[in-house]
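J.: You'll find structure_3.txt just under this line, and it carries compact mmCIF, N, CA and C atoms.
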# COMPACT_ATOMS: atom_id res chain seq x y z
N MET H 28 390.63 95.71 155.59
CA MET H 28 391.02 95.88 156.98
C MET H 28 392.41 95.29 157.20
N SER H 29 393.21 96.01 157.95
CA SER H 29 394.55 95.56 158.27
C SER H 29 394.48 94.47 159.33
N SER H 30 395.43 93.55 159.27
CA SER H 30 395.46 92.48 160.26
C SER H 30 396.44 92.78 161.39
N GLY H 31 397.00 93.98 161.38
CA GLY H 31 397.98 94.32 162.40
C GLY H 31 397.71 95.69 163.00
N ILE H 32 398.64 96.15 163.76
CA ILE H 32 398.54 97.45 164.42
C ILE H 32 398.86 98.54 163.41
N ARG H 33 398.12 99.63 163.45
CA ARG H 33 398.32 100.76 162.53
C ARG H 33 398.59 102.01 163.36
N VAL H 34 399.57 102.78 162.98
CA VAL H 34 399.88 104.05 163.62
C VAL H 34 399.62 105.16 162.61
N VAL H 35 398.94 106.21 163.05
CA VAL H 35 398.76 107.41 162.24
C VAL H 35 399.57 108.50 162.92
N THR H 36 400.56 109.02 162.22
CA THR H 36 401.40 110.07 162.80
C THR H 36 400.69 111.41 162.72
N ALA H 37 401.21 112.37 163.46
CA ALA H 37 400.58 113.70 163.51
C ALA H 37 400.44 114.31 162.12
N ASP H 38 401.42 114.12 161.26
CA ASP H 38 401.34 114.73 159.93
C ASP H 38 400.46 113.94 158.96
N GLU H 39 399.96 112.78 159.37
CA GLU H 39 399.05 111.98 158.54
C GLU H 39 397.58 112.26 158.85
N ARG H 40 397.29 112.96 159.94
CA ARG H 40 395.89 113.26 160.26
C ARG H 40 395.30 114.15 159.17
N SER H 41 394.00 113.97 158.91
CA SER H 41 393.34 114.70 157.83
C SER H 41 392.31 115.68 158.38
N LYS H 42 392.28 116.87 157.80
CA LYS H 42 391.25 117.86 158.12
C LYS H 42 390.09 117.75 157.15
N ASN H 43 390.14 116.78 156.25
CA ASN H 43 389.10 116.55 155.26
C ASN H 43 387.97 115.72 155.89
N THR H 44 387.23 116.37 156.76
CA THR H 44 386.14 115.74 157.50
C THR H 44 385.14 116.83 157.87
N PRO H 45 383.90 116.47 158.19
CA PRO H 45 382.95 117.52 158.58
C PRO H 45 383.50 118.34 159.75
N GLN H 46 383.35 119.65 159.67
CA GLN H 46 383.84 120.56 160.70
C GLN H 46 382.67 121.34 161.30
N THR H 47 382.88 121.88 162.47
CA THR H 47 381.93 122.75 163.16
C THR H 47 382.65 124.07 163.41
N PRO H 48 381.98 125.21 163.16
CA PRO H 48 382.65 126.49 163.44
C PRO H 48 383.22 126.53 164.86
N GLY H 49 384.46 126.97 164.99
CA GLY H 49 385.11 127.08 166.28
C GLY H 49 385.89 125.85 166.70
N LEU H 50 385.81 124.76 165.94
CA LEU H 50 386.44 123.49 166.31
C LEU H 50 387.20 122.95 165.11
N LEU H 51 388.43 122.53 165.32
CA LEU H 51 389.21 121.89 164.26
C LEU H 51 389.27 120.40 164.54
N ARG H 52 388.79 119.59 163.59
CA ARG H 52 388.87 118.13 163.70
C ARG H 52 389.97 117.63 162.77
N GLU H 53 390.87 116.79 163.31
CA GLU H 53 391.94 116.17 162.54
C GLU H 53 391.78 114.66 162.68
N VAL H 54 391.29 114.00 161.63
CA VAL H 54 390.93 112.59 161.67
C VAL H 54 392.16 111.70 161.54
N ALA H 55 392.21 110.70 162.41
CA ALA H 55 393.23 109.66 162.32
C ALA H 55 392.65 108.41 161.66
N PHE H 56 391.46 108.00 162.11
CA PHE H 56 390.83 106.78 161.59
C PHE H 56 389.39 107.05 161.19
N ASP H 57 389.05 106.63 159.97
CA ASP H 57 387.68 106.67 159.48
C ASP H 57 387.56 105.64 158.36
N SER H 58 386.53 105.69 157.55
CA SER H 58 386.36 104.67 156.51
C SER H 58 387.44 104.72 155.44
N HIS H 59 388.21 105.81 155.38
CA HIS H 59 389.29 105.91 154.40
C HIS H 59 390.59 105.30 154.91
N SER H 60 390.57 104.83 156.15
CA SER H 60 391.76 104.20 156.71
C SER H 60 391.50 102.70 156.86
N VAL H 61 392.29 102.07 157.67
CA VAL H 61 392.20 100.62 157.80
C VAL H 61 391.21 100.16 158.86
N VAL H 62 390.50 101.07 159.49
CA VAL H 62 389.52 100.69 160.51
C VAL H 62 388.38 99.93 159.85
N ASP H 63 387.80 98.97 160.55
CA ASP H 63 386.81 98.07 159.97
C ASP H 63 385.39 98.64 159.90
N GLY H 64 385.22 99.94 160.07
CA GLY H 64 383.89 100.53 159.93
C GLY H 64 383.12 100.65 161.23
N GLN H 65 383.72 100.34 162.35
CA GLN H 65 383.03 100.40 163.62
C GLN H 65 383.29 101.69 164.39
N LEU H 66 384.42 102.34 164.13
CA LEU H 66 384.82 103.52 164.89
C LEU H 66 385.47 104.56 163.99
N ASN H 67 385.43 105.81 164.45
CA ASN H 67 386.28 106.84 163.87
C ASN H 67 386.95 107.56 165.04
N ALA H 68 388.13 108.07 164.80
CA ALA H 68 388.91 108.69 165.88
C ALA H 68 389.66 109.90 165.34
N PHE H 69 389.73 110.94 166.18
CA PHE H 69 390.38 112.17 165.74
C PHE H 69 390.77 113.03 166.92
N LEU H 70 391.54 114.07 166.62
CA LEU H 70 391.95 115.08 167.59
C LEU H 70 391.12 116.32 167.35
N SER H 71 390.59 116.92 168.42
CA SER H 71 389.82 118.17 168.31
C SER H 71 390.53 119.27 169.08
N THR H 72 390.46 120.49 168.55
CA THR H 72 391.10 121.64 169.16
C THR H 72 390.14 122.82 169.16
N VAL H 73 390.04 123.51 170.31
CA VAL H 73 389.32 124.78 170.39
C VAL H 73 390.31 125.81 170.91
N GLU H 74 390.44 126.89 170.19
CA GLU H 74 391.37 127.97 170.55
C GLU H 74 390.93 128.67 171.83
N PRO H 75 391.84 129.43 172.47
CA PRO H 75 391.49 130.14 173.70
C PRO H 75 390.29 131.08 173.50
N ALA H 76 389.46 131.17 174.53
CA ALA H 76 388.30 132.07 174.55
C ALA H 76 387.42 131.90 173.32
N ALA H 77 387.24 130.64 172.91
CA ALA H 77 386.43 130.34 171.73
C ALA H 77 385.45 129.23 172.04
N SER H 78 384.48 129.07 171.17
CA SER H 78 383.48 128.03 171.35
C SER H 78 383.02 127.53 169.99
N THR H 79 382.40 126.37 170.01
CA THR H 79 381.83 125.82 168.79
C THR H 79 380.40 126.30 168.65
N GLY H 80 379.85 126.06 167.47
CA GLY H 80 378.43 126.23 167.30
C GLY H 80 377.71 125.01 167.87
N ALA H 81 376.41 125.13 168.05
CA ALA H 81 375.61 123.99 168.52
C ALA H 81 375.57 122.94 167.41
N HIS H 82 375.68 121.68 167.82
CA HIS H 82 375.67 120.59 166.85
C HIS H 82 375.35 119.27 167.56
N HIS H 83 375.13 118.22 166.78
CA HIS H 83 375.05 116.86 167.32
C HIS H 83 375.66 115.92 166.31
N HIS H 84 375.74 114.64 166.67
CA HIS H 84 376.43 113.66 165.83
C HIS H 84 375.50 112.53 165.42
N GLY H 85 374.25 112.87 165.11
CA GLY H 85 373.31 111.84 164.68
C GLY H 85 373.21 110.75 165.72
N GLU H 86 373.25 109.52 165.28
CA GLU H 86 373.12 108.38 166.20
C GLU H 86 374.46 107.96 166.81
N GLN H 87 375.54 108.65 166.45
CA GLN H 87 376.85 108.23 166.94
C GLN H 87 377.09 108.64 168.39
N ASP H 88 377.50 107.67 169.20
CA ASP H 88 377.96 107.94 170.56
C ASP H 88 379.39 108.43 170.49
N THR H 89 379.76 109.31 171.43
CA THR H 89 381.07 109.94 171.42
C THR H 89 381.73 109.81 172.79
N VAL H 90 383.01 109.46 172.79
CA VAL H 90 383.83 109.49 174.00
C VAL H 90 385.00 110.43 173.74
N LEU H 91 385.20 111.38 174.66
CA LEU H 91 386.29 112.34 174.58
C LEU H 91 387.26 112.08 175.73
N TYR H 92 388.53 112.29 175.48
CA TYR H 92 389.55 112.29 176.52
C TYR H 92 390.28 113.62 176.42
N VAL H 93 390.23 114.42 177.49
CA VAL H 93 390.82 115.76 177.47
C VAL H 93 392.34 115.64 177.64
N LEU H 94 393.05 116.07 176.60
CA LEU H 94 394.52 116.06 176.63
C LEU H 94 395.08 117.28 177.34
N SER H 95 394.49 118.46 177.06
CA SER H 95 395.01 119.69 177.64
C SER H 95 393.89 120.71 177.76
N GLY H 96 394.04 121.56 178.75
CA GLY H 96 393.07 122.63 178.94
C GLY H 96 391.84 122.17 179.70
N THR H 97 390.89 123.07 179.78
CA THR H 97 389.60 122.84 180.42
C THR H 97 388.53 123.22 179.42
N ALA H 98 387.47 122.43 179.42
CA ALA H 98 386.36 122.74 178.51
C ALA H 98 385.05 122.65 179.25
N ALA H 99 384.13 123.52 178.86
CA ALA H 99 382.74 123.41 179.30
C ALA H 99 381.96 122.83 178.14
N TYR H 100 381.05 121.93 178.44
CA TYR H 100 380.20 121.33 177.42
C TYR H 100 378.77 121.73 177.75
N ALA H 101 378.22 122.64 176.95
CA ALA H 101 376.82 123.01 177.10
C ALA H 101 376.01 121.99 176.30
N TRP H 102 374.88 121.55 176.86
CA TRP H 102 374.12 120.53 176.14
C TRP H 102 372.63 120.64 176.48
N GLY H 103 371.84 120.03 175.62
CA GLY H 103 370.39 120.06 175.76
C GLY H 103 369.77 120.79 174.58
N PRO H 104 368.46 120.71 174.42
CA PRO H 104 367.79 121.31 173.27
C PRO H 104 368.10 122.80 173.08
N ASP H 105 368.29 123.51 174.20
CA ASP H 105 368.63 124.94 174.15
C ASP H 105 369.96 125.24 174.83
N LEU H 106 370.81 124.21 174.94
CA LEU H 106 372.12 124.33 175.58
C LEU H 106 372.00 124.79 177.03
N GLU H 107 370.94 124.35 177.70
CA GLU H 107 370.64 124.82 179.05
C GLU H 107 371.46 124.15 180.14
N ASN H 108 372.12 123.03 179.86
CA ASN H 108 372.93 122.31 180.84
C ASN H 108 374.40 122.52 180.55
N VAL H 109 375.24 122.47 181.60
CA VAL H 109 376.68 122.62 181.42
C VAL H 109 377.41 121.62 182.32
N VAL H 110 378.39 120.93 181.74
CA VAL H 110 379.33 120.11 182.52
C VAL H 110 380.74 120.58 182.15
N TRP H 111 381.66 120.36 183.07
CA TRP H 111 383.05 120.78 182.87
C TRP H 111 383.96 119.56 182.87
N ALA H 112 385.04 119.63 182.08
CA ALA H 112 386.04 118.56 182.07
C ALA H 112 387.42 119.19 181.89
N GLY H 113 388.39 118.60 182.54
CA GLY H 113 389.76 119.10 182.44
C GLY H 113 390.71 117.99 182.05
N GLU H 114 391.97 118.34 181.97
CA GLU H 114 393.02 117.42 181.56
C GLU H 114 392.90 116.09 182.31
N GLY H 115 392.87 114.99 181.55
CA GLY H 115 392.79 113.65 182.13
C GLY H 115 391.37 113.13 182.30
N ASP H 116 390.37 113.97 182.06
CA ASP H 116 388.97 113.55 182.20
C ASP H 116 388.44 112.92 180.91
N PHE H 117 387.50 112.00 181.09
CA PHE H 117 386.74 111.43 179.97
C PHE H 117 385.36 112.05 179.95
N VAL H 118 384.77 112.20 178.76
CA VAL H 118 383.42 112.75 178.59
C VAL H 118 382.67 111.81 177.65
N TYR H 119 381.44 111.47 178.00
CA TYR H 119 380.59 110.65 177.12
C TYR H 119 379.41 111.51 176.65
N ILE H 120 379.19 111.55 175.34
CA ILE H 120 378.07 112.27 174.75
C ILE H 120 377.24 111.27 173.96
N PRO H 121 376.02 110.97 174.41
CA PRO H 121 375.18 110.02 173.67
C PRO H 121 374.80 110.57 172.29
N GLY H 122 374.56 109.68 171.36
CA GLY H 122 374.11 110.07 170.04
C GLY H 122 372.89 110.97 170.11
N GLY H 123 372.83 111.96 169.24
CA GLY H 123 371.68 112.85 169.15
C GLY H 123 371.63 113.98 170.14
N VAL H 124 372.53 114.02 171.13
CA VAL H 124 372.50 115.08 172.14
C VAL H 124 373.09 116.36 171.55
N VAL H 125 372.31 117.43 171.55
CA VAL H 125 372.76 118.73 171.07
C VAL H 125 373.76 119.28 172.09
N HIS H 126 374.90 119.77 171.59
CA HIS H 126 375.93 120.29 172.50
C HIS H 126 376.82 121.30 171.79
N GLN H 127 377.63 121.96 172.61
CA GLN H 127 378.69 122.84 172.12
C GLN H 127 379.86 122.75 173.08
N GLU H 128 381.07 122.89 172.56
CA GLU H 128 382.27 122.90 173.37
C GLU H 128 382.71 124.34 173.53
N ILE H 129 383.13 124.68 174.77
CA ILE H 129 383.53 126.05 175.07
C ILE H 129 384.88 126.00 175.79
N ASN H 130 385.85 126.75 175.29
CA ASN H 130 387.14 126.88 175.95
C ASN H 130 387.12 128.21 176.71
N PRO H 131 387.02 128.17 178.05
CA PRO H 131 386.92 129.41 178.81
C PRO H 131 388.24 130.14 179.02
N SER H 132 389.34 129.49 178.74
CA SER H 132 390.65 130.09 179.02
C SER H 132 390.97 131.22 178.06
N PRO H 133 391.49 132.32 178.58
CA PRO H 133 391.89 133.43 177.69
C PRO H 133 393.18 133.16 176.92
N ASP H 134 393.97 132.13 177.36
CA ASP H 134 395.26 131.94 176.70
C ASP H 134 395.68 130.50 176.45
N LEU H 135 394.90 129.50 176.87
CA LEU H 135 395.29 128.11 176.67
C LEU H 135 394.36 127.41 175.68
N VAL H 136 394.95 126.68 174.75
CA VAL H 136 394.19 125.85 173.81
C VAL H 136 393.63 124.65 174.56
N THR H 137 392.46 124.19 174.18
CA THR H 137 391.89 122.95 174.71
C THR H 137 391.95 121.90 173.61
N ARG H 138 392.49 120.71 173.95
CA ARG H 138 392.58 119.61 172.97
C ARG H 138 392.05 118.34 173.61
N TRP H 139 391.35 117.56 172.79
CA TRP H 139 390.90 116.26 173.27
C TRP H 139 390.91 115.24 172.14
N VAL H 140 391.08 113.98 172.55
CA VAL H 140 391.00 112.86 171.63
C VAL H 140 389.55 112.41 171.62
N VAL H 141 389.01 112.14 170.41
CA VAL H 141 387.62 111.75 170.25
C VAL H 141 387.56 110.39 169.57
N VAL H 142 386.74 109.50 170.12
CA VAL H 142 386.42 108.23 169.47
C VAL H 142 384.91 108.17 169.39
N ARG H 143 384.42 107.89 168.18
CA ARG H 143 382.98 107.90 167.96
C ARG H 143 382.58 106.63 167.23
N SER H 144 381.38 106.14 167.53
CA SER H 144 380.86 104.97 166.85
C SER H 144 380.58 105.30 165.39
N GLY H 145 380.76 104.35 164.50
CA GLY H 145 380.51 104.56 163.07
C GLY H 145 381.80 104.77 162.30
N ALA H 146 381.75 104.47 161.01
CA ALA H 146 382.94 104.52 160.16
C ALA H 146 383.41 105.93 159.87
N ASP H 147 382.51 106.88 159.77
CA ASP H 147 382.85 108.26 159.43
C ASP H 147 382.18 109.22 160.40
N PRO H 148 382.87 110.31 160.75
CA PRO H 148 382.26 111.29 161.65
C PRO H 148 380.98 111.89 161.05
N VAL H 149 379.94 111.94 161.86
CA VAL H 149 378.70 112.62 161.49
C VAL H 149 378.64 113.91 162.28
N VAL H 150 378.42 115.03 161.59
CA VAL H 150 378.30 116.33 162.24
C VAL H 150 377.07 117.02 161.67
N VAL H 151 376.13 117.35 162.55
CA VAL H 151 374.93 118.09 162.15
C VAL H 151 374.99 119.43 162.86
N ASN H 152 375.42 120.47 162.14
CA ASN H 152 375.50 121.81 162.71
C ASN H 152 374.11 122.41 162.76
N LEU H 153 373.80 123.10 163.85
CA LEU H 153 372.45 123.62 164.10
C LEU H 153 372.49 125.15 164.15
N GLU H 154 372.52 125.75 162.98
CA GLU H 154 372.65 127.20 162.89
C GLU H 154 371.49 127.93 163.57
N HIS H 155 370.31 127.31 163.64
CA HIS H 155 369.19 127.98 164.29
C HIS H 155 369.43 128.20 165.78
N LEU H 156 370.46 127.55 166.34
CA LEU H 156 370.81 127.75 167.75
C LEU H 156 372.02 128.66 167.94
N ASP H 157 372.43 129.37 166.88
CA ASP H 157 373.60 130.25 166.98
C ASP H 157 373.46 131.27 168.11
N GLY H 158 372.30 131.86 168.25
CA GLY H 158 372.08 132.86 169.31
C GLY H 158 372.25 132.25 170.68
N ALA H 159 371.66 131.09 170.91
CA ALA H 159 371.78 130.41 172.21
C ALA H 159 373.23 130.03 172.47
N ALA H 160 373.94 129.55 171.44
CA ALA H 160 375.34 129.17 171.59
C ALA H 160 376.21 130.37 171.93
N GLU H 161 375.96 131.49 171.28
CA GLU H 161 376.74 132.70 171.56
C GLU H 161 376.49 133.20 172.98
N ARG H 162 375.22 133.16 173.43
CA ARG H 162 374.91 133.60 174.80
C ARG H 162 375.55 132.68 175.83
N ARG H 163 375.48 131.36 175.61
CA ARG H 163 376.07 130.42 176.56
C ARG H 163 377.59 130.61 176.61
N ALA H 164 378.23 130.76 175.47
CA ALA H 164 379.68 130.97 175.45
C ALA H 164 380.07 132.23 176.20
N ALA H 165 379.30 133.32 176.01
CA ALA H 165 379.59 134.59 176.69
C ALA H 165 379.49 134.44 178.21
N GLN H 166 378.59 133.57 178.67
CA GLN H 166 378.44 133.34 180.12
C GLN H 166 379.62 132.59 180.70
N ILE H 167 380.27 131.76 179.88
CA ILE H 167 381.28 130.83 180.39
C ILE H 167 382.71 131.29 180.14
N ILE H 168 382.98 131.94 179.01
CA ILE H 168 384.36 132.33 178.69
C ILE H 168 384.88 133.27 179.77
N GLY H 169 386.07 132.95 180.27
CA GLY H 169 386.69 133.70 181.36
C GLY H 169 386.56 133.03 182.70
N GLN H 170 385.64 132.05 182.83
CA GLN H 170 385.52 131.30 184.08
C GLN H 170 386.64 130.26 184.14
N ALA H 171 387.08 129.93 185.34
CA ALA H 171 388.12 128.91 185.52
C ALA H 171 387.52 127.53 185.68
N GLY H 172 386.24 127.47 185.97
CA GLY H 172 385.56 126.19 186.20
C GLY H 172 384.14 126.45 186.60
N PRO H 173 383.45 125.41 187.08
CA PRO H 173 382.06 125.58 187.44
C PRO H 173 381.86 126.70 188.45
N ALA H 174 380.83 127.49 188.24
CA ALA H 174 380.57 128.62 189.15
C ALA H 174 379.94 128.13 190.45
So, in terms of structure tokens, how does the structure I just supplied come out?

T.:
Amino acid sequence: MSSGIRVVTADERSKNTPQTPGLLREVAFDSHSVVDGQLNAFLSTVEPAASTGAHHHGEQDTVLYVLSGTAAYAWGPDLENVVWAGEGDFVYIPGGVVHQEINPSPDLVTRWVVVRSGADPVVVNLEHLDGAAERRAAQIIGQAGPA
């Protein structure tokens, strides 16, 4: 562990981390860096009119800060709930909560900073929910915000 402040520049972020279809994770801090094993942090991006597959992060709690764009977060065992967040908003996702991120904009990328408990990102993709995720995304893409 480093005894001082550490900066990870944009070109130092790593894509060598668990990924979810529709979402690009670029890790800044994990067990391969100088972090002491308590947190991992990364930048996430969802392209316009795109969504992730359903997934969860095991026991890891997640805090997101939306840098740009608007995102809908479908969550629950069948993705039956939806919350919205925009630029400047924080989002908390408890460990084990099934969710998907949806970018409803036809032309703007959505980006957020993610900090999660644990040394390395845990991603459990739930392919058996692909149909539910596709239906939920189809309902939301093109909306400007909550209906």

J.: So how many Å separate CA of Thr137 in chain H and CA of Val93 in chain H, to one decimal?

T.: 7.8 Å

J.: Extract the full set of strand (DSSP E or B) residues from range 65-158 of chain H according to DSSP on the backbone, and format it as a ChimeraX atom specification.

T.: /H:66-73,77-78,82-83,89-95,97-102,108-113,117-120,126-130,137-144,151-152

J.: Output as AutoDock Vina command-line options the centre and edge lengths (Å, one decimal) of the box along x, y and z of the file that holds every listed atom of range 133-141 of chain H after adding 3 Å on each side.

T.:
--center_x 391.6 --center_y 121.9 --center_z 174.1 --size_x 14.1 --size_y 29.0 --size_z 15.0

J.: Name the residues in contact with range 99-116 of chain H at a cut-off of 5 Å, using all atoms listed in the file, excluding same-chain residues fewer than 5 positions from it; report them as JSON, numbers by chain.

T.: {"H": [92, 93, 94, 125, 126, 127, 128, 129]}

J.: Counting only C-alpha atoms, which residue out of H:Val124, H:Val35, H:Val140, H:Leu66 sits closest to Leu51 in chain H?

T.: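 Ranking H:Val124, H:Val35, H:Val140, H:Leu66 by distance to Leu51 in chain H, first place goes to H:Val140.
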
J.: Find the residues around Thr89 in chain H up to 8 Å (only N, CA and C atoms counted), leave out those fewer than 5 positions away in its own chain, and share them as a list of chain:residue names.

T.: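 Selected residues are H:His84, H:Val118, H:Tyr119, H:Ile120, H:Pro121, H:Gly122, H:Gly123, H:Val141, H:Val142, H:Arg143, H:Ser144.
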
J.: Mind giving me the straight-line distance from CA of Thr44 in chain H to CA of Ile167 in chain H in Å, one decimal?

T.: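 Calculated distance between CA of Thr44 in chain H and CA of Ile167 in chain H is 27.8 Å.
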
J.: Just how far from CA of Ala37 in chain H is CA of Val90 in chain H, in Å to one decimal?

T.: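 If I compute the distance from CA of Val90 in chain H to CA of Ala37 in chain H, I get 20.2 Å.
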
J.: Within 5 Å of (377.5, 128.7, 168.9), in the coordinates the file gives, what residues turn up when you count all atoms listed in the file, written out as a list in words?

T.: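 Residues satisfying the cut-off, written out: Thr79, Gly80, Ala81, Asp157, Ala160 and Glu161 of chain H.
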
J.: Assign secondary structure with DSSP using the backbone only, and return the residues of chain H in helix (DSSP H, G or I) as a tab-separated table (two decimals) with N, CA and C atoms, keeping the file's coordinate frame.

T.:
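Now in result36.tsv:
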chain	number	residue	atom	x	y	z
H	37	ALA	N	401.21	112.37	163.46
H	37	ALA	CA	400.58	113.70	163.51
H	37	ALA	C	400.44	114.31	162.12
H	38	ASP	N	401.42	114.12	161.26
H	38	ASP	CA	401.34	114.73	159.93
H	38	ASP	C	400.46	113.94	158.96
H	39	GLU	N	399.96	112.78	159.37
H	39	GLU	CA	399.05	111.98	158.54
H	39	GLU	C	397.58	112.26	158.85
H	154	GLU	N	372.52	125.75	162.98
H	154	GLU	CA	372.65	127.20	162.89
H	154	GLU	C	371.49	127.93	163.57
H	155	HIS	N	370.31	127.31	163.64
H	155	HIS	CA	369.19	127.98	164.29
H	155	HIS	C	369.43	128.20	165.78
H	156	LEU	N	370.46	127.55	166.34
H	156	LEU	CA	370.81	127.75	167.75
H	156	LEU	C	372.02	128.66	167.94
H	157	ASP	N	372.43	129.37	166.88
H	157	ASP	CA	373.60	130.25	166.98
H	157	ASP	C	373.46	131.27	168.11
H	158	GLY	N	372.30	131.86	168.25
H	158	GLY	CA	372.08	132.86	169.31
H	158	GLY	C	372.25	132.25	170.68
H	159	ALA	N	371.66	131.09	170.91
H	159	ALA	CA	371.78	130.41	172.21
H	159	ALA	C	373.23	130.03	172.47
H	160	ALA	N	373.94	129.55	171.44
H	160	ALA	CA	375.34	129.17	171.59
H	160	ALA	C	376.21	130.37	171.93
H	161	GLU	N	375.96	131.49	171.28
H	161	GLU	CA	376.74	132.70	171.56
H	161	GLU	C	376.49	133.20	172.98
H	162	ARG	N	375.22	133.16	173.43
H	162	ARG	CA	374.91	133.60	174.80
H	162	ARG	C	375.55	132.68	175.83
H	163	ARG	N	375.48	131.36	175.61
H	163	ARG	CA	376.07	130.42	176.56
H	163	ARG	C	377.59	130.61	176.61
H	164	ALA	N	378.23	130.76	175.47
H	164	ALA	CA	379.68	130.97	175.45
H	164	ALA	C	380.07	132.23	176.20
H	165	ALA	N	379.30	133.32	176.01
H	165	ALA	CA	379.59	134.59	176.69
H	165	ALA	C	379.49	134.44	178.21
H	166	GLN	N	378.59	133.57	178.67
H	166	GLN	CA	378.44	133.34	180.12
H	166	GLN	C	379.62	132.59	180.70
H	167	ILE	N	380.27	131.76	179.88
H	167	ILE	CA	381.28	130.83	180.39
H	167	ILE	C	382.71	131.29	180.14

J.: Which residue, H:Asp134, H:Glu53, H:Glu39, H:Glu154, has the smallest gap to Leu70 in chain H when you use only C-alpha atoms?

T.: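 Checking each candidate against Leu70 in chain H, we get H:Glu53 as the closest.
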
J.: From the set H:His83, H:Phe117, H:Ser71, H:Asp88, which residue has the shortest atom-to-atom contact distance to Arg138 in chain H, counting only N, CA and C atoms?

T.: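 Ranking H:His83, H:Phe117, H:Ser71, H:Asp88 by distance to Arg138 in chain H, first place goes to H:Ser71.
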
J.: Kindly indicate which residue among H:Val73, H:Ala55, H:Leu50, H:Ile168 lies nearest to Pro133 in chain H, using only C-alpha atoms for the distances.

T.: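 Nearest to Pro133 in chain H: H:Ile168.
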